[in-house]
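K.L.:
Below is run07.pdb; it holds PDB, C-alpha atoms and all ligand atoms.
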```pdb
ATOM      1  CA  MET U 135      10.228 -20.291 -11.296
ATOM      2  CA  LYS U 136       8.969 -22.011  -8.136
ATOM      3  CA  ILE U 137       8.270 -19.829  -5.111
ATOM      4  CA  ARG U 138       7.492 -20.904  -1.555
ATOM      5  CA  LEU U 139       5.816 -18.390   0.796
ATOM      6  CA  ASN U 140       5.674 -18.893   4.572
ATOM      7  CA  TYR U 141       3.668 -16.953   7.118
ATOM      8  CA  PHE U 142       2.509 -16.764  10.680
ATOM      9  CA  THR U 143      -0.575 -14.731  11.400
ATOM     10  CA  GLY U 144      -2.750 -13.881  14.347
ATOM     11  CA  THR U 145      -5.375 -11.690  12.737
ATOM     12  CA  GLY U 146      -4.742 -12.182   9.014
ATOM     13  CA  ASN U 147      -2.423  -9.269   8.174
ATOM     14  CA  SER U 148       0.712 -11.248   7.387
ATOM     15  CA  LEU U 149      -1.269 -13.776   5.350
ATOM     16  CA  ARG U 150      -2.919 -10.911   3.431
ATOM     17  CA  ILE U 151       0.509  -9.562   2.416
ATOM     18  CA  LEU U 152       1.701 -12.912   1.100
ATOM     19  CA  THR U 153      -1.618 -13.610  -0.632
ATOM     20  CA  THR U 154      -1.225 -10.323  -2.498
ATOM     21  CA  CYS U 155       2.369 -11.260  -3.417
ATOM     22  CA  LYS U 156       1.148 -14.692  -4.557
ATOM     23  CA  GLU U 157      -1.441 -13.143  -6.882
ATOM     24  CA  ILE U 158       1.208 -10.892  -8.430
ATOM     25  CA  PHE U 159       3.735 -13.713  -8.813
ATOM     26  CA  GLU U 160       1.112 -15.979 -10.383
ATOM     27  CA  ARG U 161       0.212 -13.327 -12.939
ATOM     28  CA  LYS U 162       3.822 -13.714 -14.106
ATOM     29  CA  ASN U 163       3.194 -17.456 -14.386
ATOM     30  CA  TYR U 164       5.338 -18.384 -11.410
ATOM     31  CA  GLU U 165       4.376 -21.467  -9.468
ATOM     32  CA  VAL U 166       3.604 -20.411  -5.902
ATOM     33  CA  GLU U 167       3.036 -22.461  -2.766
ATOM     34  CA  ILE U 168       1.907 -20.709   0.430
ATOM     35  CA  LYS U 169       2.127 -22.304   3.873
ATOM     36  CA  SER U 170       1.485 -21.403   7.461
ATOM     37  CA  ILE U 171       4.565 -22.085   9.574
ATOM     38  CA  THR U 172       2.255 -23.730  12.120
ATOM     39  CA  GLU U 173       2.083 -26.690   9.693
ATOM     40  CA  LYS U 174       5.823 -27.062  10.399
ATOM     41  CA  THR U 175       6.672 -28.134   6.838
ATOM     42  CA  ASP U 176      10.317 -27.885   5.912
ATOM     43  CA  ILE U 177      11.457 -25.971   2.813
ATOM     44  CA  ASN U 178      13.187 -28.218   0.307
ATOM     45  CA  ALA U 179      15.805 -27.183  -2.221
ATOM     46  CA  ASP U 180      13.373 -27.211  -5.182
ATOM     47  CA  PHE U 181      12.267 -23.609  -4.761
ATOM     48  CA  ASP U 182      13.992 -20.788  -6.633
ATOM     49  CA  LEU U 183      12.786 -18.138  -4.207
ATOM     50  CA  VAL U 184      11.467 -18.308  -0.641
ATOM     51  CA  GLY U 185       9.445 -15.570   1.059
ATOM     52  CA  PHE U 186       8.501 -15.060   4.688
ATOM     53  CA  CYS U 187       6.016 -12.710   6.318
ATOM     54  CA  PHE U 188       5.539 -12.411  10.077
ATOM     55  CA  PRO U 189       4.006  -9.890  12.462
ATOM     56  CA  VAL U 190       6.207  -7.719  14.705
ATOM     57  CA  TYR U 191       5.833  -8.490  18.419
ATOM     58  CA  ALA U 192       7.420  -6.096  20.906
ATOM     59  CA  PHE U 193      10.009  -4.886  18.387
ATOM     60  CA  GLY U 194      10.992  -8.450  17.555
ATOM     61  CA  LEU U 195       9.699 -11.611  15.928
ATOM     62  CA  PRO U 196       7.140 -13.900  17.585
ATOM     63  CA  ARG U 197       8.728 -16.876  19.364
ATOM     64  CA  VAL U 198       6.948 -19.349  17.044
ATOM     65  CA  CYS U 199       8.524 -17.643  14.003
ATOM     66  CA  ARG U 200      12.028 -17.693  15.451
ATOM     67  CA  GLU U 201      11.580 -21.340  16.364
ATOM     68  CA  TYR U 202      10.387 -22.175  12.859
ATOM     69  CA  LEU U 203      13.346 -20.414  11.237
ATOM     70  CA  ASN U 204      15.725 -22.169  13.608
ATOM     71  CA  ASP U 205      14.132 -25.546  12.789
ATOM     72  CA  ILE U 206      14.121 -25.427   8.976
ATOM     73  CA  SER U 207      16.897 -27.276   7.180
ATOM     74  CA  LYS U 208      19.972 -25.448   6.008
ATOM     75  CA  GLN U 209      19.810 -24.999   2.236
ATOM     76  CA  PRO U 210      22.547 -26.962   0.411
ATOM     77  CA  ASP U 211      23.240 -23.961  -1.859
ATOM     78  CA  SER U 212      22.632 -20.271  -1.238
ATOM     79  CA  LYS U 213      18.900 -19.648  -1.763
ATOM     80  CA  ASN U 214      17.372 -16.279  -2.596
ATOM     81  CA  ALA U 215      14.783 -15.126  -0.094
ATOM     82  CA  PHE U 216      12.790 -12.124   1.071
ATOM     83  CA  LEU U 217      11.552 -11.242   4.518
ATOM     84  CA  LEU U 218       8.567  -8.989   5.206
ATOM     85  CA  VAL U 219       7.050  -8.043   8.526
ATOM     86  CA  THR U 220       3.720  -6.429   9.281
ATOM     87  CA  CYS U 221       3.606  -3.835  12.014
ATOM     88  CA  GLY U 222       1.026  -1.706  13.797
ATOM     89  CA  GLU U 223       3.265   1.388  13.602
ATOM     90  CA  ILE U 224       5.731   1.861  10.777
ATOM     91  CA  ASP U 225       8.514   3.152  13.013
ATOM     92  CA  GLU U 226       8.056   0.328  15.567
ATOM     93  CA  VAL U 227       9.632  -2.531  13.654
ATOM     94  CA  GLY U 228      12.641  -2.566  15.964
ATOM     95  CA  PHE U 229      14.863  -5.623  15.671
ATOM     96  CA  ALA U 230      12.331  -7.855  13.856
ATOM     97  CA  LEU U 231      13.943  -7.831  10.414
ATOM     98  CA  ASP U 232      17.495  -8.124  11.755
ATOM     99  CA  ILE U 233      16.544 -11.094  13.940
ATOM    100  CA  GLY U 234      14.935 -12.897  11.001
ATOM    101  CA  LYS U 235      17.755 -12.128   8.578
ATOM    102  CA  LYS U 236      20.371 -13.332  11.042
ATOM    103  CA  ILE U 237      18.730 -16.749  11.425
ATOM    104  CA  LEU U 238      18.061 -17.061   7.683
ATOM    105  CA  LYS U 239      21.712 -16.306   6.911
ATOM    106  CA  LYS U 240      22.758 -19.252   9.086
ATOM    107  CA  LYS U 241      20.377 -21.410   7.039
ATOM    108  CA  ASN U 242      22.100 -20.366   3.816
ATOM    109  CA  TYR U 243      19.363 -17.978   2.682
ATOM    110  CA  ASN U 244      20.472 -14.909   0.801
ATOM    111  CA  VAL U 245      17.872 -12.334   1.868
ATOM    112  CA  THR U 246      17.871  -9.762  -0.909
ATOM    113  CA  TYR U 247      14.759  -7.870   0.149
ATOM    114  CA  SER U 248      13.491  -7.013   3.627
ATOM    115  CA  ASP U 249      10.806  -4.516   4.458
ATOM    116  CA  ALA U 250       7.993  -3.673   6.860
ATOM    117  CA  ILE U 251       4.391  -2.986   5.943
ATOM    118  CA  HIS U 252       2.136  -0.892   8.121
ATOM    119  CA  MET U 253      -1.085  -2.818   8.821
ATOM    120  CA  PRO U 254      -3.825  -2.230  11.402
ATOM    121  CA  ALA U 255      -2.567  -2.945  14.930
ATOM    122  CA  ASN U 256      -4.158  -5.923  16.704
ATOM    123  CA  TRP U 257      -2.738  -5.912  20.264
ATOM    124  CA  VAL U 258      -6.169  -5.091  21.593
ATOM    125  CA  THR U 259      -5.505  -5.940  25.228
ATOM    126  CA  PHE U 260      -2.846  -3.287  25.638
ATOM    127  CA  ILE U 261      -3.338  -0.654  22.973
ATOM    128  CA  THR U 262      -6.207   1.157  21.286
ATOM    129  CA  LEU U 263      -6.807  -0.207  17.800
ATOM    130  CA  PRO U 264      -7.748   1.939  14.813
ATOM    131  CA  GLU U 265     -11.461   2.385  14.112
ATOM    132  CA  LYS U 266     -12.931   0.601  11.055
ATOM    133  CA  LYS U 267     -12.498   3.541   8.630
ATOM    134  CA  GLU U 268      -8.904   4.155   9.665
ATOM    135  CA  ALA U 269      -8.155   0.430   9.356
ATOM    136  CA  GLU U 270      -9.568   0.431   5.828
ATOM    137  CA  THR U 271      -7.299   3.324   4.815
ATOM    138  CA  ILE U 272      -4.259   1.544   6.278
ATOM    139  CA  LEU U 273      -5.182  -1.651   4.385
ATOM    140  CA  GLU U 274      -5.588   0.225   1.122
ATOM    141  CA  LYS U 275      -2.115   1.808   1.433
ATOM    142  CA  ALA U 276      -0.626  -1.536   2.470
ATOM    143  CA  LYS U 277      -2.030  -3.201  -0.641
ATOM    144  CA  GLU U 278      -0.368  -0.573  -2.811
ATOM    145  CA  LYS U 279       2.958  -0.941  -1.017
ATOM    146  CA  THR U 280       2.797  -4.746  -1.260
ATOM    147  CA  GLY U 281       2.248  -4.467  -5.009
ATOM    148  CA  VAL U 282       5.395  -2.365  -5.327
ATOM    149  CA  ILE U 283       7.371  -4.764  -3.136
ATOM    150  CA  ALA U 284       6.219  -7.868  -5.040
ATOM    151  CA  ASN U 285       7.154  -6.296  -8.364
ATOM    152  CA  ASN U 286      10.521  -5.163  -7.014
ATOM    153  CA  ILE U 287      11.220  -8.693  -5.826
ATOM    154  CA  ILE U 288      10.491 -10.326  -9.167
ATOM    155  CA  ASN U 289      12.510  -7.644 -10.930
ATOM    156  CA  ASN U 290      15.483  -8.646  -8.734
ATOM    157  CA  LYS U 291      15.707  -5.266  -6.974
ATOM    158  CA  GLU U 292      17.468  -5.378  -3.623
ATOM    159  CA  TYR U 293      16.330  -3.414  -0.597
ATOM    160  CA  HIS U 294      16.796  -3.532   3.162
ATOM    161  CA  ARG U 295      14.777  -1.418   5.526
ATOM    162  CA  GLN U 296      17.079   0.305   8.000
ATOM    163  CA  PHE U 297      16.786  -0.211  11.754
ATOM    164  CA  ASN U 298      15.449   2.806  13.628
ATOM    165  CA  ILE U 299      14.538   3.783  17.192
ATOM    166  CA  PRO U 300      10.794   4.521  17.436
ATOM    167  CA  GLU U 301       9.957   8.180  17.834
ATOM    168  CA  LYS U 302       8.181   7.682  21.149
ATOM    169  CA  LEU U 303      11.044   5.759  22.821
ATOM    170  CA  ASN U 304      14.732   6.178  23.482
ATOM    171  CA  LYS U 305      17.240   3.358  22.959
ATOM    172  CA  PHE U 306      16.887   2.182  26.565
ATOM    173  CA  GLY U 307      13.084   2.077  26.328
ATOM    174  CA  LEU U 308      13.242   0.082  23.100
ATOM    175  CA  TYR U 309      15.601  -2.563  24.554
ATOM    176  CA  ARG U 310      13.632  -2.672  27.799
ATOM    177  CA  GLN U 311      10.259  -3.332  26.175
ATOM    178  CA  HIS U 312      11.737  -5.845  23.730
ATOM    179  CA  TYR U 313      13.578  -7.695  26.477
ATOM    180  CA  LEU U 314      10.648  -7.698  28.909
ATOM    181  CA  PHE U 315       8.214  -9.198  26.403
ATOM    182  CA  HIS U 316      10.517 -11.767  24.795
ATOM    183  CA  ARG U 317      12.293 -12.915  27.968
ATOM    184  CA  PHE U 318       9.451 -12.589  30.457
ATOM    185  CA  GLY U 319       6.087 -11.655  28.914
ATOM    186  CA  ILE U 320       5.846 -14.465  26.386
ATOM    187  CA  TYR U 321       6.356 -17.061  29.148
ATOM    188  CA  ASN U 322       3.888 -15.490  31.561
ATOM    189  CA  MET U 323       1.295 -13.260  29.947
ATOM    190  CA  TRP U 324      -0.795 -16.211  28.711
ATOM    191  CA  LYS U 325      -1.675 -16.720  32.379
ATOM    192  CA  MET U 326      -3.409 -13.331  32.324
ATOM    193  CA  PHE U 327      -6.176 -14.312  29.865
ATOM    194  CA  ARG U 328      -9.676 -14.351  31.352
ATOM    195  CA  VAL U 329     -13.263 -14.232  30.113
ATOM    196  CA  TYR U 330     -16.024 -11.827  31.086
ATOM    197  CA  ASP U 331     -19.451 -13.222  32.054
ATOM    198  CA  SER U 332     -20.509 -12.706  28.410
ATOM    199  CA  CYS U 333     -18.548 -15.859  27.423
ATOM    200  CA  ASN U 334     -21.182 -18.295  26.125
ATOM    201  CA  SER U 335     -18.833 -21.300  26.032
ATOM    202  CA  CYS U 336     -19.050 -21.566  22.225
ATOM    203  CA  GLY U 337     -15.410 -22.712  22.001
ATOM    204  CA  ALA U 338     -14.666 -20.646  18.876
ATOM    205  CA  CYS U 339     -11.532 -19.192  20.523
ATOM    206  CA  SER U 340     -10.163 -22.693  20.978
ATOM    207  CA  GLU U 341     -11.035 -23.706  17.401
ATOM    208  CA  VAL U 342      -9.350 -20.704  15.774
ATOM    209  CA  CYS U 343      -6.184 -20.554  17.897
ATOM    210  CA  PRO U 344      -3.251 -20.977  15.468
ATOM    211  CA  THR U 345      -1.025 -22.607  18.090
ATOM    212  CA  ASP U 346      -3.674 -24.827  19.738
ATOM    213  CA  SER U 347      -3.121 -23.013  22.995
ATOM    214  CA  ILE U 348      -6.708 -22.804  24.249
ATOM    215  CA  VAL U 349      -8.414 -25.770  25.879
ATOM    216  CA  MET U 350     -12.053 -25.792  26.962
ATOM    217  CA  LYS U 351     -12.378 -26.743  30.629
ATOM    218  CA  ASP U 352     -15.791 -26.882  32.285
ATOM    219  CA  GLY U 353     -17.163 -24.941  29.318
ATOM    220  CA  LYS U 354     -14.661 -22.081  29.636
ATOM    221  CA  PRO U 355     -11.429 -21.439  27.711
ATOM    222  CA  LYS U 356      -8.094 -21.912  29.445
ATOM    223  CA  TRP U 357      -4.837 -20.760  27.862
ATOM    224  CA  VAL U 358      -1.627 -22.799  27.931
ATOM    225  CA  SER U 359       2.031 -21.862  27.746
ATOM    226  CA  SER U 360       2.399 -22.250  23.957
ATOM    227  CA  CYS U 361       0.190 -19.136  23.536
ATOM    228  CA  GLU U 362       1.947 -16.507  21.393
ATOM    229  CA  GLN U 363      -0.523 -13.749  22.425
ATOM    230  CA  CYS U 364      -1.348 -13.295  18.757
ATOM    231  CA  MET U 365      -4.729 -11.816  19.747
ATOM    232  CA  ARG U 366      -6.715 -13.898  17.284
ATOM    233  CA  CYS U 367      -9.005 -15.215  20.044
ATOM    234  CA  VAL U 368      -9.586 -11.788  21.573
ATOM    235  CA  ASN U 369     -10.345 -10.092  18.261
ATOM    236  CA  TYR U 370     -12.360 -13.013  16.891
ATOM    237  CA  CYS U 371     -14.665 -13.659  19.875
ATOM    238  CA  LYS U 372     -18.189 -12.676  18.825
ATOM    239  CA  GLN U 373     -19.144 -12.108  22.477
ATOM    240  CA  GLU U 374     -16.090  -9.806  22.960
ATOM    241  CA  ALA U 375     -15.578 -11.830  26.105
ATOM    242  CA  ILE U 376     -11.797 -12.194  26.319
ATOM    243  CA  TYR U 377      -9.462  -9.886  28.209
ATOM    244  CA  GLN U 378      -6.203  -9.946  30.161
ATOM    245  CA  THR U 379      -5.709  -9.093  33.801
ATOM    246  CA  TYR U 380      -3.431  -6.240  34.933
ATOM    247  CA  GLY U 381      -4.947  -3.654  32.623
ATOM    248  CA  GLY U 382      -5.609  -5.700  29.482
ATOM    249  CA  ASN U 383      -9.301  -4.807  29.384
ATOM    250  CA  THR U 384     -11.119  -5.105  26.093
ATOM    251  CA  LYS U 385     -14.677  -4.056  26.949
ATOM    252  CA  GLY U 386     -15.957  -1.451  24.485
ATOM    253  CA  LYS U 387     -12.644  -1.333  22.579
ATOM    254  CA  SER U 388     -12.582  -1.685  18.796
ATOM    255  CA  LYS U 389     -11.414  -5.087  17.599
ATOM    256  CA  TYR U 390      -9.617  -6.059  14.402
ATOM    257  CA  ILE U 391      -9.477  -9.038  12.048
ATOM    258  CA  GLU U 392      -8.255  -8.557   8.470
ATOM    259  CA  PRO U 393     -11.540  -8.373   6.494
ATOM    260  CA  GLY U 394     -10.809 -11.321   4.161
ATOM    261  CA  PHE U 395      -9.432 -13.588   6.882
ATOM    262  CA  LYS U 396     -11.459 -16.724   7.661
ATOM    263  CA  PRO U 397      -9.584 -18.500  10.449
ATOM    264  CA  LEU U 398     -12.096 -21.328  10.865
ATOM    265  CA  LYS U 399     -11.602 -22.421   7.282
ATOM    266  CA  GLN U 400      -7.802 -22.737   7.463
TER     267      GLN U 400
HETATM  268  C1  LIG L   1       1.865  -9.172  21.307
HETATM  269  C2  LIG L   1       1.929  -8.151  20.216
HETATM  270  C3  LIG L   1       2.999  -7.264  20.158
HETATM  271  C4  LIG L   1       3.049  -6.316  19.129
HETATM  272  N1  LIG L   1       4.144  -5.488  19.070
HETATM  273  C5  LIG L   1       4.266  -4.614  18.046
HETATM  274  C6  LIG L   1       5.443  -3.806  17.920
HETATM  275  O1  LIG L   1       6.382  -3.872  18.705
HETATM  276  N2  LIG L   1       5.523  -2.956  16.885
HETATM  277  C7  LIG L   1       4.512  -2.841  15.957
HETATM  278  O2  LIG L   1       4.634  -2.034  15.038
HETATM  279  N3  LIG L   1       3.386  -3.601  16.052
HETATM  280  C8  LIG L   1       3.255  -4.507  17.060
HETATM  281  N4  LIG L   1       2.129  -5.298  17.142
HETATM  282  C9  LIG L   1       1.100  -5.189  16.090
HETATM  283  C10 LIG L   1       1.224  -6.277  15.029
HETATM  284  O3  LIG L   1       2.562  -6.478  14.665
HETATM  285  C11 LIG L   1       0.455  -5.942  13.757
HETATM  286  O4  LIG L   1      -0.877  -5.615  14.004
HETATM  287  C12 LIG L   1       0.557  -7.089  12.760
HETATM  288  O5  LIG L   1       0.193  -6.623  11.480
HETATM  289  C13 LIG L   1      -0.344  -8.270  13.106
HETATM  290  O6  LIG L   1      -0.181  -9.241  12.114
HETATM  291  P1  LIG L   1      -1.080 -10.533  11.978
HETATM  292  O7  LIG L   1      -2.483 -10.073  11.692
HETATM  293  O8  LIG L   1      -0.492 -11.252  10.811
HETATM  294  O9  LIG L   1      -0.982 -11.297  13.232
HETATM  295  C14 LIG L   1       2.024  -6.239  18.157
HETATM  296  C15 LIG L   1       0.950  -7.140  18.237
HETATM  297  C16 LIG L   1       0.910  -8.075  19.250
HETATM  298  C17 LIG L   1      -0.264  -9.033  19.296
END
```
Take the structure from the file and write it as structure tokens.
P.N.:
Amino acid sequence: MKIRLNYFTGTGNSLRILTTCKEIFERKNYEVEIKSITEKTDINADFDLVGFCFPVYAFGLPRVCREYLNDISKQPDSKNAFLLVTCGEIDEVGFALDIGKKILKKKNYNVTYSDAIHMPANWVTFITLPEKKEAETILEKAKEKTGVIANNIINNKEYHRQFNIPEKLNKFGLYRQHYLFHRFGIYNMWKMFRVYDSCNSCGACSEVCPTDSIVMKDGKPKWVSSCEQCMRCVNYCKQEAIYQTYGGNTKGKSKYIEPGFKPLKQ
């Protein structure tokens, strides 16, 4: 069986999930290919199973993920697929899975398995991230859950995580936050990135950006409109120099990158 796995990741969580799936699939002697959607490679009809894993952004899918799904070719025959999302809070998945499944259906994918996996949150400019120990515990549990999911998938079990309203919001609040980020925030919040004086002009932020959205100008990073706000730059910066205006301070806050993730090497 030939399996193609596709991910987008800011801080390594979504890649970690698919890497774990890949290891499990390969132990069963399946042939597995894993690709970042930023490479923009289409998915041909050769694969028997196609898997996707994306982070949840504001109760939805990142723009770059929706665009990728909308751009891939329609499969000539119905193709089995699974869709996983990684989230910072398990009850804050919102519409992410439904959005992905809807697009995949149009592309003739038969999504038989869809689920969310709780991973350490990374939206460091606007929330408080878990401390190192707590992040390790979350990662440990996520690894276990991914193992179960991967085995379920190869044993042809079907499952769909149900939509729910997050505990801390009502329906109006959920729609409002989703709408504000995806219709307004994504097109404007990249303008809010700044650097503290501790920026040493090393350019690492620009090198690691998965969407090539940071250019170095006069020795300082400048963000452009293709920025997905994936937080890789903010969490990766060794000088902890990146923040966002209007309350997106990062000084003294704990940062997060999935421990095995090496963005410079990918
Ligand atoms: C802009 C942004 C918005 C986010 N919104 C949500 C959200 O609505 N619900 C949630 O559970 N996690 C949210 N998160 C947390 C991420 O989904 C989570 O940390 C994910 O595992 C990151 O995956 P990655 O490392 O593959 O990028 C958000 C993160 C970012 C950067």
K.L.:
Report the residues retrieved by the PyMOL selection byres (((chain U and resi 199) around 10) and not hetatm) from the displayed file, expressed as a PDB file with C-alpha atoms, keeping the file's coordinate frame.
P.N.:
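out.pdb, freshly written:
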```pdb
ATOM      1  CA  ASN U 140       5.674 -18.893   4.572  1.00  0.00           C
ATOM      2  CA  TYR U 141       3.668 -16.953   7.118  1.00  0.00           C
ATOM      3  CA  PHE U 142       2.509 -16.764  10.680  1.00  0.00           C
ATOM      4  CA  THR U 143      -0.575 -14.731  11.400  1.00  0.00           C
ATOM      5  CA  ILE U 171       4.565 -22.085   9.574  1.00  0.00           C
ATOM      6  CA  THR U 172       2.255 -23.730  12.120  1.00  0.00           C
ATOM      7  CA  PHE U 186       8.501 -15.060   4.688  1.00  0.00           C
ATOM      8  CA  CYS U 187       6.016 -12.710   6.318  1.00  0.00           C
ATOM      9  CA  PHE U 188       5.539 -12.411  10.077  1.00  0.00           C
ATOM     10  CA  PRO U 189       4.006  -9.890  12.462  1.00  0.00           C
ATOM     11  CA  LEU U 195       9.699 -11.611  15.928  1.00  0.00           C
ATOM     12  CA  PRO U 196       7.140 -13.900  17.585  1.00  0.00           C
ATOM     13  CA  ARG U 197       8.728 -16.876  19.364  1.00  0.00           C
ATOM     14  CA  VAL U 198       6.948 -19.349  17.044  1.00  0.00           C
ATOM     15  CA  ARG U 200      12.028 -17.693  15.451  1.00  0.00           C
ATOM     16  CA  GLU U 201      11.580 -21.340  16.364  1.00  0.00           C
ATOM     17  CA  TYR U 202      10.387 -22.175  12.859  1.00  0.00           C
ATOM     18  CA  LEU U 203      13.346 -20.414  11.237  1.00  0.00           C
ATOM     19  CA  ASN U 204      15.725 -22.169  13.608  1.00  0.00           C
ATOM     20  CA  ASP U 205      14.132 -25.546  12.789  1.00  0.00           C
ATOM     21  CA  GLY U 234      14.935 -12.897  11.001  1.00  0.00           C
ATOM     22  CA  GLU U 362       1.947 -16.507  21.393  1.00  0.00           C
TER      23      GLU U 362
END
```
K.L.:
Expand the PyMOL selection byres (((chain U and resi 356) around 9) and not hetatm) into the explicit residue set it covers here, and present it as a PyMOL selection string.
P.N.:
chain U and resi 325+327-328+340+347-351+354-355+357-358
K.L.:
Could you please extract the residues within 6 Å of ligand LIG 1 (chain L), counting only C-alpha atoms and all ligand atoms, and hand them back as a PyMOL selection string?
P.N.:
chain U and resi 143-148+189-193+220-224+226-227+253-257+363-365
K.L.:
Find the distance between atom CA of U:Lys174 and atom CA of U:Asn286 and write it in Å to one decimal.
P.N.:
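One can read the atom CA of U:Lys174 to atom CA of U:Asn286 distance as 28.4 Å.
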K.L.:
What does the distance between atom CA of U:Lys277 and atom CA of U:Asn242 come to in Å, to one decimal place?
P.N.:
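We find that atom CA of U:Lys277 and atom CA of U:Asn242 lie 29.9 Å from each other.
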K.L.:
Which distance in Å separates atom CA of U:Ser335 and atom CA of U:Ile391, to one decimal?
P.N.:
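Going from atom CA of U:Ser335 over to atom CA of U:Ile391 covers 20.8 Å.
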K.L.:
On this file, the PyMOL selection byres (((chain U and resi 135) around 9) and not hetatm) gives some set of residues; write that set as a list in words.
P.N.:
Lys136, Ile137, Asn163, Tyr164, Glu165, Val166, Phe181, Asp182 and Leu183 of chain U
K.L.:
Show which residues sit within 7 Å of U:Arg295, as a ChimeraX atom specification. Count all atoms listed in the file, and ignore same-chain residues fewer than 2 positions away.
P.N.:
/U:248-249,293,297
K.L.:
Output C-alpha atoms for every residue in that selection, as a compact mmCIF listing (two decimals), in the frame of the given file.
P.N.:
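Writing done, so here's selection.txt:
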```txt
# COMPACT_ATOMS: atom_id res chain seq x y z
CA SER U 248 13.49 -7.01 3.63
CA ASP U 249 10.81 -4.52 4.46
CA TYR U 293 16.33 -3.41 -0.60
CA PHE U 297 16.79 -0.21 11.75
```
K.L.:
Would you kindly identify which residues have an atom no farther than 10 Å from (-12.8, -13.4, 23.1), using all atoms listed in the file and the file's own coordinates, and write them out as an NGL selection string?
P.N.:
:U and (327-330 or 332-333 or 337-340 or 355 or 365-377 or 384)
K.L.:
Counting only C-alpha atoms, which residue out of U:Gly319, U:Ile251, U:Gly353, U:Val245 sits closest to U:Thr280?
P.N.:
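Closest candidate: U:Ile251.
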K.L.:
List the neighbours of U:Asn298 out to 12 Å using only C-alpha atoms; skip same-chain residues closer than 6 positions along the sequence, and give me the result as a PyMOL selection string.
P.N.:
chain U and resi 193+224-232+250+304-305+308
K.L.:
Excluding U:Ile158 and residues on its chain fewer than 2 positions from it, collect all residues at most 8 Å away from it, counting all atoms listed in the file, and give them as an MDAnalysis selection string.
P.N.:
chainID U and resid 154:156 160:162 281 284:285
K.L.:
If we count all atoms listed in the file and set the cut-off at 10 Å, which residues sit around U:Thr246, ignoring sequence neighbours fewer than 5 positions away in its own chain? Please answer as a PyMOL selection string.
P.N.:
chain U and resi 213-217+235+287+290-294
